[in-house]
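A.B. asks: Input start.cif, format and content: mmCIF, C-alpha atoms and all ligand atoms.
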data_entry
#
loop_
_atom_site.label_atom_id
_atom_site.label_comp_id
_atom_site.auth_asym_id
_atom_site.auth_seq_id
_atom_site.Cartn_x
_atom_site.Cartn_y
_atom_site.Cartn_z
CA MET A 1 -15.88 -25.93 33.34
CA PRO A 2 -18.02 -22.83 33.83
CA GLY A 3 -20.98 -23.05 36.21
CA THR A 4 -23.34 -21.35 33.75
CA ILE A 5 -23.21 -21.43 29.99
CA ARG A 6 -24.22 -18.19 28.26
CA THR A 7 -26.53 -18.37 25.28
CA THR A 8 -26.58 -14.68 24.50
CA SER A 9 -23.56 -12.43 24.02
CA PRO A 10 -23.23 -9.50 26.43
CA TYR A 11 -21.64 -7.48 23.62
CA PRO A 12 -23.82 -5.12 21.57
CA MET A 13 -23.90 -5.82 17.82
CA LEU A 14 -22.17 -3.04 15.84
CA SER A 15 -22.66 -2.35 12.16
CA VAL A 16 -19.63 -2.63 9.89
CA ALA A 17 -19.51 1.17 9.63
CA GLU A 18 -19.66 1.61 13.41
CA ALA A 19 -16.96 -0.99 13.98
CA THR A 20 -14.73 0.64 11.36
CA ARG A 21 -15.20 4.07 12.93
CA GLU A 22 -14.42 2.67 16.37
CA ILE A 23 -11.18 1.08 15.17
CA LEU A 24 -9.96 4.06 13.18
CA SER A 25 -10.67 6.46 16.04
CA ARG A 26 -8.28 4.45 18.20
CA VAL A 27 -5.24 4.13 15.98
CA GLU A 28 -2.98 6.91 14.75
CA PRO A 29 0.23 7.15 12.72
CA LEU A 30 3.23 5.72 14.56
CA PRO A 31 5.88 8.23 15.70
CA PRO A 32 8.40 8.92 12.92
CA VAL A 33 11.82 7.34 12.68
CA ARG A 34 14.78 8.36 10.51
CA LEU A 35 15.81 5.77 7.92
CA ASP A 36 18.16 5.48 4.98
CA PHE A 37 16.29 6.49 1.83
CA ARG A 38 17.16 3.17 0.19
CA THR A 39 14.91 1.34 2.66
CA VAL A 40 11.77 3.48 2.66
CA ALA A 41 9.84 2.43 -0.46
CA GLY A 42 6.16 2.18 0.43
CA LEU A 43 6.48 4.13 3.68
CA VAL A 44 4.94 7.53 4.36
CA LEU A 45 7.01 10.67 4.69
CA ALA A 46 6.79 12.43 8.06
CA GLU A 47 8.54 15.68 7.02
CA ASP A 48 8.58 18.11 4.11
CA VAL A 49 11.64 17.70 1.88
CA LEU A 50 13.21 20.78 0.26
CA ALA A 51 15.54 21.02 -2.72
CA ASP A 52 19.01 21.76 -1.32
CA ASP A 53 20.05 23.64 -4.48
CA ASP A 54 18.68 24.60 -7.87
CA LEU A 55 17.94 21.55 -10.03
CA PRO A 56 19.91 21.60 -12.26
CA PRO A 57 22.37 23.80 -10.38
CA THR A 58 23.84 25.33 -13.57
CA ARG A 59 22.78 26.08 -17.16
CA ARG A 60 23.10 22.89 -19.21
CA ALA A 61 22.90 21.79 -22.81
CA GLY A 62 19.61 20.03 -23.59
CA VAL A 63 20.97 18.29 -26.70
CA ASP A 64 24.25 17.14 -28.25
CA GLY A 65 25.70 19.90 -30.44
CA TYR A 66 27.66 23.15 -30.19
CA ALA A 67 27.53 25.92 -27.61
CA VAL A 68 27.50 29.20 -29.53
CA VAL A 69 26.65 32.89 -29.38
CA ALA A 70 23.22 33.24 -31.00
CA ARG A 71 23.24 35.38 -34.15
CA PRO A 72 21.84 35.24 -37.68
CA GLY A 73 23.66 32.96 -40.08
CA PRO A 74 24.61 30.74 -41.81
CA LEU A 75 27.74 30.61 -39.68
CA ARG A 76 31.17 29.10 -39.94
CA LEU A 77 32.59 28.78 -36.44
CA ARG A 78 35.97 27.65 -35.13
CA VAL A 79 35.59 24.77 -32.63
CA VAL A 80 37.68 25.68 -29.59
CA GLY A 81 36.90 22.90 -27.13
CA GLU A 82 34.55 20.19 -25.94
CA VAL A 83 32.27 19.80 -22.93
CA THR A 84 30.90 16.41 -22.01
CA ALA A 85 28.45 15.78 -19.16
CA GLY A 86 30.49 15.96 -15.98
CA ASN A 87 33.49 17.68 -17.67
CA ALA A 88 33.12 21.45 -17.78
CA SER A 89 35.33 23.68 -19.93
CA SER A 90 36.99 26.97 -18.95
CA VAL A 91 36.96 28.18 -22.56
CA THR A 92 34.87 31.28 -23.30
CA VAL A 93 32.75 31.15 -26.47
CA GLU A 94 33.12 34.16 -28.85
CA PRO A 95 30.78 35.11 -31.72
CA ASP A 96 33.01 33.29 -34.22
CA THR A 97 33.78 30.21 -32.10
CA ALA A 98 31.88 27.19 -30.79
CA VAL A 99 32.41 24.54 -28.13
CA ARG A 100 31.30 21.01 -28.88
CA ILE A 101 28.90 20.06 -26.07
CA MET A 102 27.03 16.91 -25.05
CA THR A 103 23.59 16.72 -23.40
CA GLY A 104 23.87 17.70 -19.75
CA GLY A 105 27.17 19.51 -20.23
CA VAL A 106 27.62 22.78 -18.34
CA LEU A 107 27.23 25.68 -20.76
CA PRO A 108 30.60 27.45 -21.22
CA HIS A 109 30.99 31.18 -20.59
CA GLY A 110 29.87 33.41 -23.40
CA ALA A 111 27.49 30.85 -24.95
CA ASP A 112 23.78 31.68 -25.05
CA ALA A 113 22.44 28.94 -27.33
CA VAL A 114 23.13 25.37 -28.39
CA VAL A 115 22.97 24.18 -32.00
CA MET A 116 22.01 20.53 -32.48
CA PHE A 117 24.43 18.38 -34.45
CA GLU A 118 21.54 17.80 -36.86
CA ASP A 119 21.39 21.56 -37.63
CA THR A 120 24.99 21.73 -38.76
CA GLY A 121 26.70 20.71 -41.97
CA GLY A 122 29.29 18.81 -39.98
CA GLU A 123 32.71 19.66 -38.64
CA GLN A 124 35.84 19.74 -40.76
CA ASP A 125 39.41 21.01 -40.17
CA GLY A 126 38.37 22.48 -36.82
CA TYR A 127 35.38 24.42 -38.22
CA VAL A 128 31.66 23.73 -38.06
CA GLU A 129 29.08 24.94 -40.56
CA VAL A 130 25.87 26.02 -38.86
CA VAL A 131 23.03 25.56 -41.32
CA ARG A 132 20.14 26.65 -39.09
CA PRO A 133 21.38 29.51 -36.94
CA PRO A 134 20.14 29.39 -33.35
CA ARG A 135 17.96 31.83 -31.48
CA LEU A 136 18.83 33.08 -28.03
CA GLY A 137 18.38 30.33 -25.42
CA ASP A 138 17.83 27.46 -27.88
CA HIS A 139 18.36 24.02 -26.28
CA ILE A 140 19.58 25.45 -22.98
CA GLN A 141 18.17 24.22 -19.67
CA ALA A 142 18.27 27.12 -17.23
CA ALA A 143 19.50 26.52 -13.71
CA GLY A 144 16.55 25.63 -11.45
CA VAL A 145 14.07 24.70 -14.21
CA ASP A 146 13.36 21.34 -12.56
CA ALA A 147 13.22 22.69 -9.00
CA ARG A 148 14.30 25.84 -7.22
CA SER A 149 16.67 25.82 -4.26
CA GLY A 150 14.52 25.67 -1.10
CA GLN A 151 11.39 24.56 -2.95
CA VAL A 152 9.29 21.88 -1.20
CA VAL A 153 9.61 18.87 -3.50
CA LEU A 154 7.92 16.27 -1.24
CA ARG A 155 5.31 16.87 1.44
CA ALA A 156 4.77 15.11 4.75
CA GLY A 157 2.06 12.49 4.29
CA GLN A 158 3.28 11.49 0.84
CA GLN A 159 3.72 7.75 0.30
CA LEU A 160 7.15 6.99 -1.12
CA HIS A 161 6.95 5.25 -4.49
CA SER A 162 9.56 5.19 -7.21
CA PRO A 163 9.38 8.89 -8.23
CA GLU A 164 9.62 9.98 -4.59
CA ILE A 165 12.61 7.70 -3.96
CA GLY A 166 14.22 9.22 -7.04
CA MET A 167 13.49 12.73 -5.74
CA LEU A 168 15.05 11.96 -2.34
CA ALA A 169 18.21 10.89 -4.15
CA ALA A 170 18.08 13.90 -6.51
CA VAL A 171 18.05 16.40 -3.66
CA GLY A 172 20.51 14.42 -1.54
CA HIS A 173 18.02 13.76 1.26
CA THR A 174 19.46 10.37 2.18
CA ALA A 175 18.28 10.15 5.81
CA VAL A 176 14.53 10.54 5.81
CA SER A 177 11.87 10.83 8.50
CA VAL A 178 9.07 8.31 7.91
CA HIS A 179 6.33 6.53 9.81
CA PRO A 180 7.62 3.00 10.46
CA ARG A 181 5.87 -0.20 9.55
CA PRO A 182 3.69 -1.32 12.45
CA ARG A 183 5.15 -4.22 14.41
CA VAL A 184 2.63 -7.05 14.25
CA ALA A 185 2.25 -10.18 16.38
CA VAL A 186 0.11 -13.11 15.18
CA LEU A 187 -1.22 -15.70 17.61
CA ALA A 188 -3.30 -18.70 16.53
CA THR A 189 -5.31 -20.33 19.30
CA GLY A 190 -7.12 -23.64 19.65
CA ASP A 191 -6.63 -27.05 21.25
CA GLU A 192 -7.38 -28.64 17.89
CA VAL A 193 -4.88 -26.57 15.95
CA VAL A 194 -1.58 -28.26 15.04
CA ALA A 195 1.50 -27.29 13.02
CA PRO A 196 1.10 -27.77 9.26
CA ASP A 197 3.81 -30.42 9.06
CA GLY A 198 2.63 -34.03 9.07
CA THR A 199 -0.89 -35.43 9.16
CA PRO A 200 -3.24 -34.15 11.89
CA PRO A 201 -5.00 -36.86 13.95
CA PRO A 202 -8.83 -37.00 13.68
CA GLY A 203 -10.42 -33.92 15.21
CA PHE A 204 -7.38 -31.71 14.64
CA VAL A 205 -6.79 -29.10 11.92
CA ARG A 206 -3.58 -27.77 10.47
CA ASP A 207 -2.82 -24.21 11.50
CA SER A 208 -3.42 -22.25 8.33
CA ASN A 209 -4.49 -18.99 9.98
CA GLN A 210 -1.15 -18.19 11.56
CA TYR A 211 0.60 -18.29 8.20
CA ALA A 212 -2.18 -16.67 6.19
CA LEU A 213 -2.37 -13.79 8.69
CA ILE A 214 1.41 -13.32 8.70
CA ALA A 215 1.30 -12.99 4.93
CA ALA A 216 -1.74 -10.68 5.07
CA ALA A 217 -0.11 -8.42 7.66
CA GLU A 218 3.05 -8.12 5.59
CA GLU A 219 1.08 -7.46 2.41
CA ALA A 220 -0.67 -4.64 4.28
CA GLY A 221 2.65 -3.04 5.18
CA GLY A 222 3.09 -4.53 8.65
CA GLN A 223 6.28 -6.08 9.96
CA VAL A 224 5.59 -9.38 11.71
CA VAL A 225 7.89 -9.49 14.73
CA TRP A 226 6.32 -12.36 16.68
CA SER A 227 4.06 -15.30 15.90
CA GLY A 228 2.97 -18.52 17.52
CA HIS A 229 0.19 -20.86 18.55
CA CYS A 230 -1.38 -21.45 21.94
CA VAL A 231 -3.83 -24.02 23.27
CA ASP A 232 -7.12 -22.99 24.91
CA ASP A 233 -5.80 -22.77 28.45
CA PRO A 234 -6.36 -19.52 30.35
CA ALA A 235 -2.95 -19.39 32.02
CA ARG A 236 -0.97 -20.32 28.92
CA LEU A 237 -3.03 -17.98 26.77
CA ARG A 238 -2.27 -15.12 29.13
CA VAL A 239 1.46 -15.83 28.92
CA ALA A 240 1.37 -15.97 25.11
CA VAL A 241 -0.76 -12.81 24.76
CA GLU A 242 1.44 -10.87 27.18
CA ALA A 243 4.58 -11.95 25.29
CA ALA A 244 3.06 -10.77 22.02
CA LEU A 245 1.77 -7.50 23.49
CA GLY A 246 5.24 -6.68 24.75
CA VAL A 247 6.75 -6.45 21.26
CA ALA A 248 3.94 -5.34 18.96
CA ASP A 249 1.91 -2.30 17.95
CA VAL A 250 -0.82 -4.65 16.73
CA LEU A 251 -1.75 -8.11 17.98
CA ILE A 252 -3.85 -10.31 15.72
CA THR A 253 -5.25 -13.52 17.17
CA SER A 254 -7.35 -16.20 15.55
CA GLY A 255 -9.98 -18.37 17.22
CA GLY A 256 -11.41 -18.36 20.71
CA VAL A 257 -13.79 -15.41 20.42
CA SER A 258 -17.14 -17.14 19.94
CA MET A 259 -19.61 -18.38 22.55
CA GLY A 260 -17.96 -21.73 23.24
CA THR A 261 -16.69 -22.80 26.63
CA ARG A 262 -13.11 -22.69 25.29
CA ASP A 263 -13.44 -19.20 23.86
CA LEU A 264 -11.11 -17.47 26.27
CA LEU A 265 -9.90 -14.37 24.50
CA LYS A 266 -12.66 -11.91 25.33
CA PRO A 267 -12.37 -12.37 29.12
CA LEU A 268 -8.58 -12.23 28.92
CA LEU A 269 -8.58 -9.02 26.86
CA ALA A 270 -11.19 -7.45 29.12
CA ASP A 271 -8.91 -8.18 32.05
CA LEU A 272 -5.70 -6.91 30.39
CA GLY A 273 -7.14 -3.85 28.69
CA GLU A 274 -10.38 -2.56 27.21
CA ILE A 275 -12.70 -4.25 24.72
CA HIS A 276 -14.26 -1.69 22.36
CA PHE A 277 -16.56 -4.13 20.63
CA GLY A 278 -17.12 -7.86 20.63
CA ARG A 279 -19.69 -8.41 17.87
CA VAL A 280 -20.28 -7.05 14.37
CA ALA A 281 -23.24 -7.61 12.03
CA PHE A 282 -20.85 -9.00 9.49
CA LYS A 283 -20.61 -12.27 7.62
CA PRO A 284 -18.23 -14.08 7.80
CA GLY A 285 -16.95 -13.10 11.26
CA LYS A 286 -19.65 -11.92 13.66
CA PRO A 287 -17.58 -12.44 16.86
CA LEU A 288 -14.76 -10.14 15.70
CA THR A 289 -13.41 -8.41 18.78
CA PHE A 290 -11.38 -5.22 19.02
CA ALA A 291 -9.51 -4.19 22.14
CA THR A 292 -6.64 -2.01 23.19
CA VAL A 293 -4.12 -2.99 25.81
CA GLN A 294 -2.08 0.09 26.65
CA ARG A 295 -0.77 1.20 23.25
CA THR A 296 -1.32 -2.07 21.43
CA ALA A 297 -4.39 -2.56 19.22
CA VAL A 298 -5.72 -6.10 19.50
CA PHE A 299 -7.85 -7.73 16.82
CA ALA A 300 -9.26 -11.07 17.97
CA LEU A 301 -10.45 -12.69 14.75
CA PRO A 302 -12.75 -15.70 14.54
CA GLY A 303 -11.06 -19.05 13.85
CA PHE A 304 -12.55 -20.20 10.58
CA PRO A 305 -9.93 -19.52 7.91
CA VAL A 306 -12.19 -17.42 5.69
CA SER A 307 -13.59 -15.48 8.65
CA SER A 308 -10.14 -14.58 9.89
CA LEU A 309 -8.90 -13.41 6.48
CA VAL A 310 -12.04 -11.50 5.52
CA THR A 311 -12.20 -9.73 8.90
CA PHE A 312 -8.51 -8.96 8.45
CA GLU A 313 -9.19 -7.47 5.03
CA VAL A 314 -12.14 -5.35 6.08
CA PHE A 315 -11.12 -4.26 9.60
CA VAL A 316 -7.42 -4.84 10.28
CA ARG A 317 -5.91 -3.74 6.99
CA PRO A 318 -7.25 -0.16 7.18
CA ALA A 319 -5.91 0.11 10.74
CA LEU A 320 -2.45 -1.09 9.67
CA ARG A 321 -2.52 1.53 6.92
CA ARG A 322 -3.44 4.34 9.30
CA LEU A 323 -0.59 3.32 11.63
CA GLN A 324 1.77 3.73 8.66
CA GLY A 325 0.55 7.30 8.18
CA LEU A 326 -1.41 6.50 5.03
CA THR A 327 -4.55 8.54 4.53
CA ARG A 328 -6.11 6.38 1.82
CA LEU A 329 -7.12 3.45 3.94
CA HIS A 330 -9.72 1.58 1.94
CA ARG A 331 -9.82 -0.64 -1.09
CA PRO A 332 -11.36 0.80 -4.23
CA ARG A 333 -15.14 0.39 -4.29
CA VAL A 334 -16.89 -0.23 -7.59
CA THR A 335 -20.37 -1.20 -8.70
CA VAL A 336 -20.54 -4.58 -10.41
CA GLU A 337 -23.30 -6.61 -12.06
CA LEU A 338 -23.86 -10.10 -10.67
CA GLU A 339 -23.29 -12.88 -13.16
CA HIS A 340 -25.70 -15.13 -11.24
CA PRO A 341 -28.31 -14.83 -8.47
CA ILE A 342 -27.11 -14.49 -4.86
CA GLU A 343 -29.19 -15.16 -1.77
CA ALA A 344 -28.58 -12.44 0.80
CA SER A 345 -27.98 -13.27 4.45
CA ARG A 346 -30.98 -12.42 6.63
CA TYR A 347 -29.44 -10.24 9.30
CA ARG A 348 -25.86 -9.50 8.40
CA LEU A 349 -24.05 -7.60 5.67
CA GLU A 350 -22.16 -10.33 3.85
CA TYR A 351 -18.83 -10.09 2.05
CA GLN A 352 -18.82 -12.77 -0.62
CA ARG A 353 -15.53 -13.71 -2.23
CA ALA A 354 -15.67 -13.14 -5.95
CA VAL A 355 -13.89 -12.63 -9.21
CA VAL A 356 -14.61 -9.30 -10.87
CA ARG A 357 -13.71 -8.80 -14.51
CA TRP A 358 -14.09 -6.00 -17.03
CA GLN A 359 -16.13 -7.20 -19.97
CA TYR A 360 -17.15 -5.01 -22.89
CA GLY A 361 -17.37 -1.90 -20.75
CA ARG A 362 -19.01 -3.47 -17.69
CA LEU A 363 -17.72 -4.91 -14.44
CA ILE A 364 -19.10 -8.40 -13.85
CA GLY A 365 -18.90 -10.16 -10.45
CA THR A 366 -18.92 -13.94 -10.02
CA ALA A 367 -18.85 -15.49 -6.55
CA THR A 368 -16.24 -18.17 -6.01
CA GLY A 369 -18.56 -21.06 -5.25
CA ARG A 370 -19.73 -22.24 -1.85
CA GLN A 371 -19.14 -19.40 0.61
CA ALA A 372 -18.64 -21.49 3.77
CA SER A 373 -16.28 -19.78 6.22
CA SER A 374 -14.26 -22.97 6.63
CA ARG A 375 -13.68 -23.19 2.88
CA LEU A 376 -10.44 -21.38 2.15
CA LEU A 377 -10.79 -22.44 -1.47
CA ASN A 378 -13.37 -19.70 -2.01
CA MET A 379 -10.65 -17.09 -1.45
CA ILE A 380 -8.16 -18.63 -3.86
CA GLY A 381 -8.00 -16.50 -7.00
CA ALA A 382 -10.62 -14.04 -5.73
CA ASN A 383 -9.96 -10.37 -6.48
CA ALA A 384 -13.01 -8.83 -4.82
CA LEU A 385 -15.48 -8.93 -1.97
CA LEU A 386 -19.09 -8.40 -2.98
CA GLU A 387 -21.05 -6.44 -0.37
CA ILE A 388 -24.40 -8.21 -0.16
CA PRO A 389 -26.81 -6.22 2.02
CA SER A 390 -28.78 -8.11 4.65
CA GLY A 391 -32.50 -8.78 4.21
CA GLY A 392 -32.65 -12.36 3.03
CA GLU A 393 -33.93 -11.73 -0.51
CA ILE A 394 -32.53 -13.25 -3.66
CA LEU A 395 -30.60 -10.80 -5.82
CA PRO A 396 -31.12 -11.77 -9.46
CA ALA A 397 -28.43 -12.09 -12.10
CA GLY A 398 -27.64 -8.59 -13.37
CA ALA A 399 -28.32 -6.94 -9.99
CA ARG A 400 -25.85 -4.20 -9.18
CA VAL A 401 -23.89 -4.53 -5.96
CA THR A 402 -20.87 -2.81 -4.44
CA ALA A 403 -17.57 -4.65 -4.59
CA LEU A 404 -14.29 -4.00 -2.82
CA LEU A 405 -11.46 -4.68 -5.24
CA THR A 406 -8.70 -6.57 -3.49
CA GLY A 407 -6.61 -7.22 -6.58
CA GLU A 408 -6.14 -6.48 -10.25
CA ILE A 409 -8.81 -7.41 -12.77
CA GLU A 410 -8.90 -9.16 -16.10
CA ASP A 411 -9.85 -7.14 -19.08
CA ALA A 412 -11.85 -8.25 -22.13
CA PRO A 413 -11.32 -6.01 -25.16
CA ALA A 414 -14.02 -3.43 -25.90
CA GLN A 415 -16.68 -4.68 -28.31
CA GLY A 416 -16.21 -3.88 -32.02
P1 LIG B 1 -13.03 -20.91 16.87
O1 LIG B 1 -13.28 -19.54 16.31
O2 LIG B 1 -11.87 -20.94 17.80
O3 LIG B 1 -14.25 -21.51 17.42
O4 LIG B 1 -12.60 -21.78 15.63
C1 LIG B 1 -13.52 -22.16 14.66
C2 LIG B 1 -12.95 -23.19 13.72
O5 LIG B 1 -11.93 -22.58 12.95
C3 LIG B 1 -12.25 -24.35 14.36
O6 LIG B 1 -13.15 -25.38 14.60
C4 LIG B 1 -11.24 -24.79 13.34
O7 LIG B 1 -11.81 -25.67 12.42
C5 LIG B 1 -10.93 -23.51 12.63
N1 LIG B 1 -9.66 -22.95 13.06
C6 LIG B 1 -9.38 -22.35 14.22
N2 LIG B 1 -8.11 -21.94 14.29
C7 LIG B 1 -7.55 -22.28 13.11
C8 LIG B 1 -6.26 -22.14 12.55
N3 LIG B 1 -5.28 -21.52 13.22
N4 LIG B 1 -6.05 -22.60 11.31
C9 LIG B 1 -7.03 -23.19 10.62
N5 LIG B 1 -8.28 -23.36 11.09
C10 LIG B 1 -8.54 -22.93 12.33
MG MG B 2 -11.14 -22.28 19.11
#
Would you kindly transcribe this structure into structure tokens?
C.D. replies:
Amino acid sequence: MPGTIRTTSPYPMLSVAEATREILSRVEPLPPVRLDFRTVAGLVLAEDVLADDDLPPTRRAGVDGYAVVARPGPLRLRVVGEVTAGNASSVTVEPDTAVRIMTGGVLPHGADAVVMFEDTGGEQDGYVEVVRPPRLGDHIQAAGVDARSGQVVLRAGQQLHSPEIGMLAAVGHTAVSVHPRPRVAVLATGDEVVAPDGTPPPGFVRDSNQYALIAAAEEAGGQVVWSGHCVDDPARLRVAVEAALGVADVLITSGGVSMGTRDLLKPLLADLGEIHFGRVAFKPGKPLTFATVQRTAVFALPGFPVSSLVTFEVFVRPALRRLQGLTRLHRPRVTVELEHPIEASRYRLEYQRAVVRWQYGRLIGTATGRQASSRLLNMIGANALLEIPSGGEILPAGARVTALLTGEIEDAPAQG
């Protein structure tokens, strides 16, 4: 037991903005790795990608029809061959001949236009009647219309979604340099915290944070490589934290950062590395602590389930995104109208869990009931965090507040 019990924190209180700045100034995109393009969806490109050839590489037919020499008509042309996509023809088209050609087929020599099937009177006895004679270049895709050989088709910094994955395949760039997913370790702490299986004895709680934070880290693009639980014992905590630090770019802990006699994380992190802040004017989650130990960023989150997930959302998620090389780090911010009055916290900016919906042209925010930080239920089904400024006043129904959208919204049809 300690000889003296502190009643005031030695850590200065940072604003949410200051804490965010501090975190983001200390993390940077992870060094690139080269991966197979089939495995990189959602990652961020670390190189420019160039077209290796013209796309398409040759002149192609844009429709199904006949490759011809453009001239005034009507025309009656002898059909001298067929080109299907992937099967070129060596026949040369003359003014009085045509080659049947399918969309994507390589245009045969001599041809300078394609007539659609629909613009012919049909083919009979080896001849086709062209009803609407073509103009030069009709229905031909020139080589390189989609991209030129050597053209930059994807830039470093681009996040790889479906079109980008398609482009990598289209230009044959199958080994691609990307920022990797950050390796994340999750450590739940607390003497009272037990595995979720079975019934906890009185005074114990099931470990929900470990599993919620694993899911949150993976949703944010992290790769959880280590997780566990440790009791509030300085020696055992040190062993667990060191094990986690050894394998991770980011360590996320829960519990053990408040003012209690069993809150051991701050002194341990101060000893192992450097604490950059240990308090934020933020509700829920004032004791949030951010440290670095060598190259690992450590987020020591408070133990209450809502505090740990909301501090994750607001402070850890943007850091995980920066490590991945993403430049858009933050959730969309919108202004919403409160459906009901909300009493602001006196001293701290509060993030209330809420459901935001679009109703007849307005965004309406409804808090999810009692906002206690132990009550995980107030996060279930929420799709937003309402930013309620400190000051202690009561915001009336209809007041406009900022909301961070954490999920999709429901839509009511426009009026009328
Ligand atoms: P602490 O921040 O360590 O003081 O923890 C505050 C409270 O959060 C504890 O009294 C528990 O009720 C709860 N808590 C701590 N760790 C967990 C956990 N891993 N899972 C669920 N609840 C937890
Ligand atoms: Mg604890």
A.B. asks: What do you get as a ChimeraX atom specification if you pick all residues at most 7 Å from ligand MG 2 (chain B), counting only C-alpha atoms and all ligand atoms?
C.D. replies: /A:189-191,255-256,262-263,303
A.B. asks: Could you turn the residues from that selection into a file that holds C-alpha atoms, as an mmCIF file, in the frame of the given file?
C.D. replies:
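Dumped everything to part-v6.cif:
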data_model
loop_
_atom_site.group_PDB
_atom_site.id
_atom_site.type_symbol
_atom_site.label_atom_id
_atom_site.label_comp_id
_atom_site.auth_asym_id
_atom_site.auth_seq_id
_atom_site.Cartn_x
_atom_site.Cartn_y
_atom_site.Cartn_z
ATOM 1 C CA THR A 189 -5.310 -20.330 19.300
ATOM 2 C CA GLY A 190 -7.120 -23.640 19.650
ATOM 3 C CA ASP A 191 -6.630 -27.050 21.250
ATOM 4 C CA GLY A 255 -9.980 -18.370 17.220
ATOM 5 C CA GLY A 256 -11.410 -18.360 20.710
ATOM 6 C CA ARG A 262 -13.110 -22.690 25.290
ATOM 7 C CA ASP A 263 -13.440 -19.200 23.860
ATOM 8 C CA GLY A 303 -11.060 -19.050 13.850
#
A.B. asks: Distance limit 8 Å, reference ligand LIG 1 (chain B), atoms considered: all atoms listed in the file. Which residues make the cut? Give them as a list in words.
C.D. replies: Ala188, Thr189, Gly190, Glu192, Val193, Val194, Phe204, Val205, Arg206, Asp207, Ser208, Asn209, Gln210, His229, Ser254, Gly255, Gly256, Val257, Ser258, Gly260, Arg262, Asp263, Leu301, Pro302, Gly303, Phe304, Pro305 and Ser374 of chain A
A.B. asks: Residues around (28.9, 34.7, -28.7), cut-off 6 Å, counting only C-alpha atoms - what are they as a PDB file with C-alpha atoms, in the coordinates of the input?
C.D. replies:
ATOM      1  CA  VAL A  68      27.500  29.200 -29.530  1.00  0.00           C
ATOM      2  CA  VAL A  69      26.650  32.890 -29.380  1.00  0.00           C
ATOM      3  CA  VAL A  93      32.750  31.150 -26.470  1.00  0.00           C
ATOM      4  CA  GLU A  94      33.120  34.160 -28.850  1.00  0.00           C
ATOM      5  CA  PRO A  95      30.780  35.110 -31.720  1.00  0.00           C
ATOM      6  CA  GLY A 110      29.870  33.410 -23.400  1.00  0.00           C
ATOM      7  CA  ALA A 111      27.490  30.850 -24.950  1.00  0.00           C
TER       8      ALA A 111
END
A.B. asks: Point out the residue among A:Val153, A:Ala399, A:Ile394, A:Ile23 with the least atom-to-atom distance to Glu339 (chain A), counting only C-alpha atoms.
C.D. replies: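 Checking each candidate against Glu339 (chain A), we get A:Ala399 as the closest.
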A.B. asks: Could you list, as a list of chain:residue names, every residue within 9 Å of Pro389 (chain A), counting only C-alpha atoms and ignoring same-chain residues fewer than 4 positions away?
C.D. replies: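 Listing them by chain and then by number gives A:Ala344, A:Ser345, A:Arg346, A:Tyr347, A:Arg348, A:Leu349, A:Glu350, A:Tyr351, A:Val401.
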A.B. asks: From (-3.6, -16.2, 29.3), in the file's coordinates, out to 12 Å: which residues are reached, counting only C-alpha atoms? Answer as an NGL selection string.
C.D. replies: :A and (187 or 189 or 230-245 or 256 or 263-272)
A.B. asks: Which residues of region 128-165 of chain A sit at most 8 Å from region 44-54 of chain A, using all atoms listed in the file? Give each one's shortest atom pair and distance in Å (one decimal place), in chain and ascending residue order, as JSON lines.
C.D. replies:
{"residue": "A:Ala143", "atom": "CA", "partner": "A:Asp54", "partner_atom": "CA", "distance": 6.2}
{"residue": "A:Gly144", "atom": "CA", "partner": "A:Asp54", "partner_atom": "CA", "distance": 4.3}
{"residue": "A:Val145", "atom": "CA", "partner": "A:Asp54", "partner_atom": "CA", "distance": 7.8}
{"residue": "A:Asp146", "atom": "CA", "partner": "A:Asp54", "partner_atom": "CA", "distance": 7.8}
{"residue": "A:Ala147", "atom": "CA", "partner": "A:Asp54", "partner_atom": "CA", "distance": 5.9}
{"residue": "A:Arg148", "atom": "CA", "partner": "A:Asp54", "partner_atom": "CA", "distance": 4.6}
{"residue": "A:Ser149", "atom": "CA", "partner": "A:Asp53", "partner_atom": "CA", "distance": 4.0}
{"residue": "A:Gly150", "atom": "CA", "partner": "A:Ala51", "partner_atom": "CA", "distance": 5.0}
{"residue": "A:Gln151", "atom": "CA", "partner": "A:Leu50", "partner_atom": "CA", "distance": 5.3}
{"residue": "A:Val152", "atom": "CA", "partner": "A:Leu50", "partner_atom": "CA", "distance": 4.3}
{"residue": "A:Val153", "atom": "CA", "partner": "A:Leu50", "partner_atom": "CA", "distance": 5.5}
{"residue": "A:Leu154", "atom": "CA", "partner": "A:Val49", "partner_atom": "CA", "distance": 5.1}
{"residue": "A:Arg155", "atom": "CA", "partner": "A:Asp48", "partner_atom": "CA", "distance": 4.4}
{"residue": "A:Ala156", "atom": "CA", "partner": "A:Glu47", "partner_atom": "CA", "distance": 4.4}
{"residue": "A:Gly157", "atom": "CA", "partner": "A:Leu45", "partner_atom": "CA", "distance": 5.3}
{"residue": "A:Gln158", "atom": "CA", "partner": "A:Leu45", "partner_atom": "CA", "distance": 5.4}
{"residue": "A:Gln159", "atom": "CA", "partner": "A:Val44", "partner_atom": "CA", "distance": 4.2}
{"residue": "A:Leu160", "atom": "CA", "partner": "A:Val44", "partner_atom": "CA", "distance": 5.9}
A.B. asks: Of the candidates A:Leu24, A:Lys286, A:Ala41, A:Ala17, which one gets nearest to Gly166 (chain A) if we count all atoms listed in the file?
C.D. replies: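 With all atoms listed in the file as the atom set, the closest residue is A:Ala41.
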A.B. asks: May I ask which of the residues A:Thr327, A:Thr253, A:Gln141, A:Gln352 is the closest one to Leu404 (chain A), counting all atoms listed in the file?
C.D. replies: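 Result for the nearest residue to Leu404 (chain A): A:Gln352.
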